[in-house]
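Q: Below is the file entry-v1.cif, which contains mmCIF, C-alpha atoms and all ligand atoms.
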data_work
#
loop_
_atom_site.label_atom_id
_atom_site.label_comp_id
_atom_site.auth_asym_id
_atom_site.auth_seq_id
_atom_site.Cartn_x
_atom_site.Cartn_y
_atom_site.Cartn_z
CA MET A 1 19.28 5.74 14.16
CA ALA A 2 20.42 7.43 17.35
CA CYS A 3 18.26 6.12 20.15
CA CYS A 4 16.27 6.43 22.69
CA TYR A 5 13.58 5.13 25.01
CA VAL A 6 12.96 1.34 25.17
CA LEU A 7 9.36 0.14 25.18
CA ASP A 8 9.19 -3.25 26.92
CA LEU A 9 6.29 -5.28 25.47
CA ARG A 10 6.06 -7.36 28.66
CA LEU A 11 4.63 -4.22 30.27
CA ALA A 12 1.70 -3.93 27.81
CA PRO A 13 -1.60 -3.51 29.70
CA GLN A 14 -3.32 -6.85 30.18
CA GLY A 15 -5.71 -7.74 27.33
CA MET A 16 -4.29 -5.06 25.01
CA PRO A 17 -2.82 -6.41 21.74
CA GLN A 18 0.90 -5.66 21.45
CA SER A 19 0.38 -3.90 18.12
CA ALA A 20 -2.18 -1.54 19.68
CA TYR A 21 0.17 -0.89 22.59
CA VAL A 22 3.09 0.04 20.32
CA TYR A 23 0.83 2.01 17.98
CA SER A 24 -0.48 4.09 20.89
CA VAL A 25 3.14 5.07 21.63
CA LEU A 26 4.13 5.61 17.97
CA ARG A 27 1.26 8.05 17.52
CA GLU A 28 2.91 10.32 20.09
CA ILE A 29 6.27 10.25 18.28
CA ASN A 30 7.10 12.75 15.56
CA PRO A 31 8.22 11.75 12.06
CA GLY A 32 12.00 11.65 11.96
CA GLU A 33 12.21 10.29 15.53
CA SER A 34 13.13 6.78 16.72
CA LEU A 35 12.06 4.26 19.34
CA ARG A 36 13.33 0.94 20.64
CA ILE A 37 11.06 -1.97 21.46
CA TRP A 38 12.00 -5.01 23.47
CA SER A 39 9.91 -8.03 22.50
CA PRO A 40 10.01 -11.50 24.06
CA ASP A 41 8.73 -12.93 20.74
CA GLU A 42 10.13 -12.83 17.20
CA PRO A 43 8.70 -9.49 15.95
CA THR A 44 8.23 -10.00 12.16
CA LEU A 45 4.42 -10.21 12.27
CA LEU A 46 4.12 -7.40 14.79
CA MET A 47 6.28 -5.12 12.64
CA ALA A 48 4.27 -5.93 9.48
CA GLU A 49 1.08 -4.98 11.32
CA LEU A 50 2.62 -1.75 12.62
CA GLN A 51 3.92 -0.89 9.16
CA ASN A 52 0.34 -1.07 7.87
CA HIS A 53 -0.97 1.08 10.74
CA MET A 54 1.78 3.64 10.08
CA ARG A 55 1.23 3.80 6.31
CA HIS A 56 4.64 2.32 5.47
CA THR A 57 6.66 5.05 7.12
CA LEU A 58 8.66 2.75 9.46
CA VAL A 59 12.24 1.62 9.00
CA TRP A 60 13.60 -0.88 11.54
CA ARG A 61 16.24 -3.39 12.38
CA VAL A 62 15.97 -6.34 14.74
CA ALA A 63 18.72 -7.82 16.92
CA PRO A 64 18.53 -10.78 19.33
CA ASP A 65 18.80 -9.45 22.87
CA GLY A 66 19.02 -11.83 25.84
CA GLN A 67 15.77 -13.83 25.98
CA GLY A 68 14.10 -11.71 23.31
CA TYR A 69 14.58 -9.19 20.52
CA LEU A 70 15.45 -5.53 20.39
CA VAL A 71 13.78 -3.60 17.55
CA THR A 72 15.18 -0.18 16.72
CA LEU A 73 12.68 1.65 14.61
CA HIS A 74 12.47 5.01 12.98
CA ILE A 75 9.50 6.94 11.58
CA ARG A 76 10.42 8.48 8.24
CA SER A 77 9.76 12.17 7.93
CA PRO A 78 7.83 13.26 4.80
CA ASP A 79 11.04 14.38 3.07
CA GLU A 80 12.84 11.03 3.60
CA PRO A 81 12.48 8.90 0.48
CA LEU A 82 10.60 5.59 0.60
CA ALA A 83 12.13 2.47 -0.89
CA LEU A 84 10.56 0.97 -4.03
CA ALA A 85 8.35 -1.59 -2.24
CA ASP A 86 7.09 0.97 0.27
CA THR A 87 6.35 3.46 -2.52
CA LEU A 88 4.21 0.85 -4.28
CA ARG A 89 2.48 -0.18 -1.04
CA ARG A 90 1.67 3.43 -0.32
CA ASP A 91 0.16 3.79 -3.79
CA HIS A 92 -2.02 0.74 -3.02
CA ASP A 93 -3.13 2.41 0.22
CA THR A 94 -3.92 5.66 -1.57
CA MET A 95 -6.01 3.86 -4.21
CA ASP A 96 -7.78 1.79 -1.54
CA ALA A 97 -8.71 4.97 0.30
CA ARG A 98 -10.09 6.49 -2.91
CA LEU A 99 -12.09 3.36 -3.65
CA ALA A 100 -13.50 3.34 -0.11
CA ARG A 101 -14.55 7.01 -0.48
CA SER A 102 -16.17 6.32 -3.83
CA LEU A 103 -18.07 3.35 -2.38
CA THR A 104 -19.34 5.42 0.54
CA LEU A 105 -20.44 8.25 -1.76
CA ALA A 106 -22.24 5.85 -4.12
CA GLY A 107 -23.88 4.18 -1.10
CA ASP A 108 -25.11 7.61 0.05
CA GLY A 109 -26.54 8.37 -3.40
CA ARG A 110 -24.08 11.24 -4.03
CA TRP A 111 -23.67 10.56 -7.75
CA HIS A 112 -21.40 13.40 -8.90
CA GLU A 113 -18.89 13.06 -6.07
CA ALA A 114 -18.88 9.26 -6.37
CA VAL A 115 -18.20 9.48 -10.11
CA GLU A 116 -15.44 12.03 -9.56
CA GLU A 117 -13.68 9.70 -7.08
CA ALA A 118 -14.23 6.68 -9.36
CA ARG A 119 -12.63 8.52 -12.29
CA ALA A 120 -9.63 9.57 -10.21
CA LEU A 121 -9.26 5.96 -9.10
CA ASP A 122 -9.49 4.81 -12.72
CA ARG A 123 -6.59 7.07 -13.72
CA ALA A 124 -4.43 6.08 -10.76
CA LEU A 125 -5.07 2.35 -11.14
CA ARG A 126 -4.42 2.27 -14.89
CA THR A 127 -1.14 4.13 -14.35
CA HIS A 128 -0.19 1.71 -11.56
CA ILE A 129 -0.99 -1.35 -13.68
CA THR A 130 0.98 -0.07 -16.68
CA LEU A 131 3.95 0.60 -14.45
CA GLU A 132 3.83 -2.90 -12.93
CA ASN A 133 3.37 -4.63 -16.29
CA ASP A 134 5.91 -2.70 -18.33
CA LEU A 135 8.57 -1.44 -15.96
CA LEU A 136 8.60 -3.72 -12.89
CA ALA A 137 7.44 -7.20 -13.97
CA PRO A 138 10.33 -7.66 -16.45
CA LEU A 139 12.83 -7.10 -13.63
CA ALA A 140 12.16 -10.50 -12.03
CA ALA A 141 9.99 -12.27 -14.62
CA GLN A 142 12.02 -15.49 -14.35
CA GLU A 143 12.70 -15.45 -10.64
CA VAL A 144 8.97 -15.16 -9.80
CA SER A 145 7.40 -16.36 -13.04
CA GLY A 146 4.22 -17.87 -11.47
CA PRO A 147 3.24 -14.80 -9.43
CA THR A 148 4.13 -12.54 -12.39
CA SER A 149 1.80 -14.42 -14.77
CA LEU A 150 -0.95 -14.39 -12.16
CA MET A 151 -0.45 -10.66 -11.66
CA ARG A 152 -0.81 -10.00 -15.38
CA ARG A 153 -4.02 -12.06 -15.59
CA GLU A 154 -5.46 -10.24 -12.60
CA HIS A 155 -4.53 -6.90 -14.19
CA ASP A 156 -6.54 -7.90 -17.27
CA ASP A 157 -9.56 -8.67 -15.05
CA ILE A 158 -9.17 -5.40 -13.17
CA LEU A 159 -9.01 -3.44 -16.45
CA ILE A 160 -12.28 -5.08 -17.57
CA GLN A 161 -13.87 -4.01 -14.29
CA LEU A 162 -12.54 -0.47 -14.73
CA ASP A 163 -14.09 -0.36 -18.21
CA ALA A 164 -17.42 -1.46 -16.72
CA ILE A 165 -17.20 1.25 -14.04
CA ALA A 166 -16.36 3.86 -16.70
CA GLU A 167 -19.47 2.78 -18.64
CA VAL A 168 -21.69 3.04 -15.55
CA CYS A 169 -20.28 6.55 -14.93
CA LEU A 170 -21.30 7.58 -18.46
CA ALA A 171 -24.72 5.89 -18.45
CA PRO A 172 -27.65 8.31 -18.75
CA GLU A 173 -29.65 6.65 -15.96
CA ARG A 174 -27.03 7.55 -13.29
CA SER A 175 -27.47 4.54 -11.06
CA CYS A 176 -25.57 4.83 -7.79
CA GLN A 177 -26.66 1.27 -7.09
CA ASP A 178 -24.94 -0.07 -10.24
CA LEU A 179 -21.85 1.97 -9.49
CA HIS A 180 -21.77 0.60 -5.95
CA ILE A 181 -22.04 -3.00 -7.22
CA TRP A 182 -19.13 -2.60 -9.65
CA LEU A 183 -16.97 -0.76 -7.14
CA SER A 184 -17.62 -3.54 -4.60
CA LEU A 185 -16.49 -6.15 -7.12
CA LEU A 186 -13.36 -4.13 -7.81
CA ALA A 187 -12.67 -3.79 -4.08
CA ALA A 188 -12.80 -7.58 -3.66
CA SER A 189 -10.45 -8.12 -6.63
CA LEU A 190 -8.00 -5.45 -5.52
CA ASN A 191 -7.88 -6.69 -1.98
CA LYS A 192 -6.54 -10.12 -2.99
CA HIS A 193 -4.43 -8.76 -5.84
CA GLU A 194 -2.58 -6.18 -3.76
CA PHE A 195 -1.91 -8.67 -0.99
CA ARG A 196 -0.38 -11.13 -3.47
CA GLU A 197 1.83 -8.46 -5.03
CA GLU A 198 2.99 -7.14 -1.68
CA THR A 199 3.91 -10.60 -0.39
CA LEU A 200 5.13 -12.32 -3.59
CA LEU A 201 6.52 -9.66 -5.92
CA PHE A 202 7.59 -6.39 -4.34
CA ALA A 203 10.64 -7.77 -2.51
CA ALA A 204 11.75 -9.60 -5.69
CA TRP A 205 11.49 -6.37 -7.71
CA GLU A 206 13.38 -4.46 -5.04
CA ARG A 207 16.20 -7.05 -5.09
CA ALA A 208 16.27 -7.26 -8.88
CA ALA A 209 16.49 -3.48 -9.23
CA GLY A 210 19.99 -3.75 -7.70
CA VAL A 211 22.25 -0.88 -8.67
CA ARG A 212 19.48 0.68 -10.78
CA HIS A 213 17.29 1.05 -7.68
CA ASP A 214 17.51 4.82 -7.26
CA ALA A 215 16.95 5.61 -10.96
CA LEU A 216 14.04 3.17 -11.05
CA LEU A 217 12.55 4.63 -7.90
CA ASP A 218 12.71 8.11 -9.43
CA GLU A 219 10.86 6.91 -12.49
CA VAL A 220 8.23 5.10 -10.39
CA ARG A 221 7.67 8.20 -8.27
CA GLN A 222 7.34 10.43 -11.31
CA ARG A 223 4.86 8.13 -13.01
CA LEU A 224 2.75 7.55 -9.89
CA SER A 225 2.55 11.19 -8.85
CA PRO A 226 -0.97 12.51 -9.21
CA ARG A 227 -1.63 14.27 -12.46
CA PRO A 228 -4.44 16.65 -13.37
CA PRO A 229 -7.33 14.98 -15.20
CA PRO A 230 -7.17 15.19 -18.99
CA SER A 231 -9.06 18.21 -20.33
CA HIS A 232 -11.88 17.49 -22.75
FE FE A 301 -1.10 -4.83 -9.73
FE FE A 302 0.21 -3.03 -7.38
#
Written as structure tokens, how would this file's structure read?
Ligand SMILES: [Fe+2]
Ligand SMILES: [Fe+2]
A:
Amino acid sequence: MACCYVLDLRLAPQGMPQSAYVYSVLREINPGESLRIWSPDEPTLLMAELQNHMRHTLVWRVAPDGQGYLVTLHIRSPDEPLALADTLRRDHDTMDARLARSLTLAGDGRWHEAVEEARALDRALRTHITLENDLLAPLAAQEVSGPTSLMRREHDDILIQLDAIAEVCLAPERSCQDLHIWLSLLAASLNKHEFREETLLFAAWERAAGVRHDALLDEVRQRLSPRPPPSH
């Protein structure tokens, strides 16, 4: 990370959250470029917030610096590979965006488009769940046994909800209201589920992958990449 300009958080405009201040600067920086931030406070929470805003494209390191901390961060360009945890987080974000679109379409009464989005979400989410259950959970099943069991139970619940959504999509009465209700339930489940995985499991999987990390990451990427819908 060759660097660069230093953004001093003590100079943030009064009343403006630090994360918004940094984000406003990051938006002007191109992927592949770097920035340094000087923060008077320990920056873990700030960086987690920025990582969400930036769709998991940030890589950074933190070093104590005088009375504060110096963060050197880099925005990955599209051709720079994501690590395992970031790849999974990005898949969560992509599915969340699809679910949000489907909810909006169902709310607007646009049946065909809502069903199309719901079916694409169904395929992506089932693939994601299979990957987590079969490939990733065994990596650290003992190290994080409680969160792993909880994850599997939540997956079972989510699959039941996906079945219910699939039924609503096939029902002859075409009720956008029913579809909206089931999608809302799924959104609530996924919200908690994804947060738990991201905070309790992803880092453990990343660590446990060890020397197999790159091969595992390749397999995860291949399995998560969007596929055309099955032809009937
Ligand atoms: Fe999951
Ligand atoms: Fe997940």
Q: Residues within 10 Å of ligand FE 301 (chain A) should be enumerated using all atoms listed in the file and returned as a ChimeraX atom specification.
A: /A:88,92,125-126,128-133,137,148,150-156,158,190,193-198,201
Q: Those selected residues, please, written with C-alpha atoms and delivered as a PDB file, keeping the file's coordinate frame.
A:
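File out11.pdb, as written:
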ATOM      1  CA  LEU A  88       4.210   0.850  -4.280  1.00  0.00           C
ATOM      2  CA  HIS A  92      -2.020   0.740  -3.020  1.00  0.00           C
ATOM      3  CA  LEU A 125      -5.070   2.350 -11.140  1.00  0.00           C
ATOM      4  CA  ARG A 126      -4.420   2.270 -14.890  1.00  0.00           C
ATOM      5  CA  HIS A 128      -0.190   1.710 -11.560  1.00  0.00           C
ATOM      6  CA  ILE A 129      -0.990  -1.350 -13.680  1.00  0.00           C
ATOM      7  CA  THR A 130       0.980  -0.070 -16.680  1.00  0.00           C
ATOM      8  CA  LEU A 131       3.950   0.600 -14.450  1.00  0.00           C
ATOM      9  CA  GLU A 132       3.830  -2.900 -12.930  1.00  0.00           C
ATOM     10  CA  ASN A 133       3.370  -4.630 -16.290  1.00  0.00           C
ATOM     11  CA  ALA A 137       7.440  -7.200 -13.970  1.00  0.00           C
ATOM     12  CA  THR A 148       4.130 -12.540 -12.390  1.00  0.00           C
ATOM     13  CA  LEU A 150      -0.950 -14.390 -12.160  1.00  0.00           C
ATOM     14  CA  MET A 151      -0.450 -10.660 -11.660  1.00  0.00           C
ATOM     15  CA  ARG A 152      -0.810 -10.000 -15.380  1.00  0.00           C
ATOM     16  CA  ARG A 153      -4.020 -12.060 -15.590  1.00  0.00           C
ATOM     17  CA  GLU A 154      -5.460 -10.240 -12.600  1.00  0.00           C
ATOM     18  CA  HIS A 155      -4.530  -6.900 -14.190  1.00  0.00           C
ATOM     19  CA  ASP A 156      -6.540  -7.900 -17.270  1.00  0.00           C
ATOM     20  CA  ILE A 158      -9.170  -5.400 -13.170  1.00  0.00           C
ATOM     21  CA  LEU A 190      -8.000  -5.450  -5.520  1.00  0.00           C
ATOM     22  CA  HIS A 193      -4.430  -8.760  -5.840  1.00  0.00           C
ATOM     23  CA  GLU A 194      -2.580  -6.180  -3.760  1.00  0.00           C
ATOM     24  CA  PHE A 195      -1.910  -8.670  -0.990  1.00  0.00           C
ATOM     25  CA  ARG A 196      -0.380 -11.130  -3.470  1.00  0.00           C
ATOM     26  CA  GLU A 197       1.830  -8.460  -5.030  1.00  0.00           C
ATOM     27  CA  GLU A 198       2.990  -7.140  -1.680  1.00  0.00           C
ATOM     28  CA  LEU A 201       6.520  -9.660  -5.920  1.00  0.00           C
TER      29      LEU A 201
END
Q: From the options A:Leu46, A:Leu82, A:Val168, A:Ala124, which residue's atoms come nearest to ligand FE 302 (chain A), counting only C-alpha atoms and all ligand atoms?
A: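 So, comparing all the options, the nearest one is A:Ala124.
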Q: Could you please give me, as number ranges by chain, the residues of protein, DNA or RNA lying at most 12 Å from (-2.5, 4.6, 9.6) in the coordinate frame of the file, considering all atoms listed in the file?
A: A: 20, 23-24, 26-27, 49-58, 90, 93-94, 97
Q: Which residue is closest to Asp178 (chain A)? Choose from A:Ile75, A:Leu224, A:Ile165, A:Val6 and count all atoms listed in the file.
A: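 Looking at the shortest contact to Asp178 (chain A), the residue is A:Ile165.
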Q: Determine, counting only C-alpha atoms, which protein, DNA and RNA residues have an atom within 10 Å of an atom of Gly107 (chain A); residues of the same chain fewer than 5 positions away are not included. Present the result as a list in words.
A: Arg101, Ser102, Ala114, Cys176, Gln177, Leu179, His180 and Ile181 of chain A
Q: Pick the closest to Leu9 (chain A) from A:Ile37, A:Val115, A:Ala215, A:Val25: which is it, counting only C-alpha atoms?
A: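 Counting only C-alpha atoms, the residue closest to Leu9 (chain A) is A:Ile37.
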Q: To one decimal place, how far is CA of Val59 (chain A) from CA of Asp8 (chain A) in Å?
A: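 These two atoms are separated by 18.8 Å.
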Q: Give the answer as one residue: which of A:Ala208, A:Leu185, A:Leu170, A:Met16 has the shortest atom-to-atom distance to His112 (chain A), using all atoms listed in the file?
A: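 Closest to His112 (chain A) of all the choices is A:Leu170.
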Q: Quick one, how far is CA of Glu206 (chain A) from CA of Leu84 (chain A)?
A: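 Going from CA of Glu206 (chain A) over to CA of Leu84 (chain A) covers 6.2 Å.
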Q: I need the residue nearest Tyr69 (chain A) from this list: A:Ala209, A:Ala83, A:Leu136, A:Leu7. Use only C-alpha atoms for the distance.
A: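 Residue with the minimum atom-to-atom distance to Tyr69 (chain A): A:Leu7.
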Q: Between CA of Ala164 (chain A) and CA of Asn191 (chain A), what is the spacing in Å?
A: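 CA of Asn191 (chain A) sits 18.3 Å away from CA of Ala164 (chain A).
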Q: From the set A:Thr87, A:Ser145, A:Ser175, A:Ser225, which residue has the shortest atom-to-atom contact distance to ligand FE 302 (chain A), counting all atoms listed in the file?
A: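 Ranking A:Thr87, A:Ser145, A:Ser175, A:Ser225 by distance to ligand FE 302 (chain A), first place goes to A:Thr87.
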Q: Extract, using all atoms listed in the file, all DNA, RNA and protein residues at most 8 Å from Leu99 (chain A), discarding same-chain residues fewer than 2 positions from it, and format them as a list in words.
A: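 Listed by chain and then number, they are Met95, Asp96, Ala97, Arg101, Ser102, Leu103, Glu117, Ala118, Leu121, Leu183 and Ala187 of chain A.
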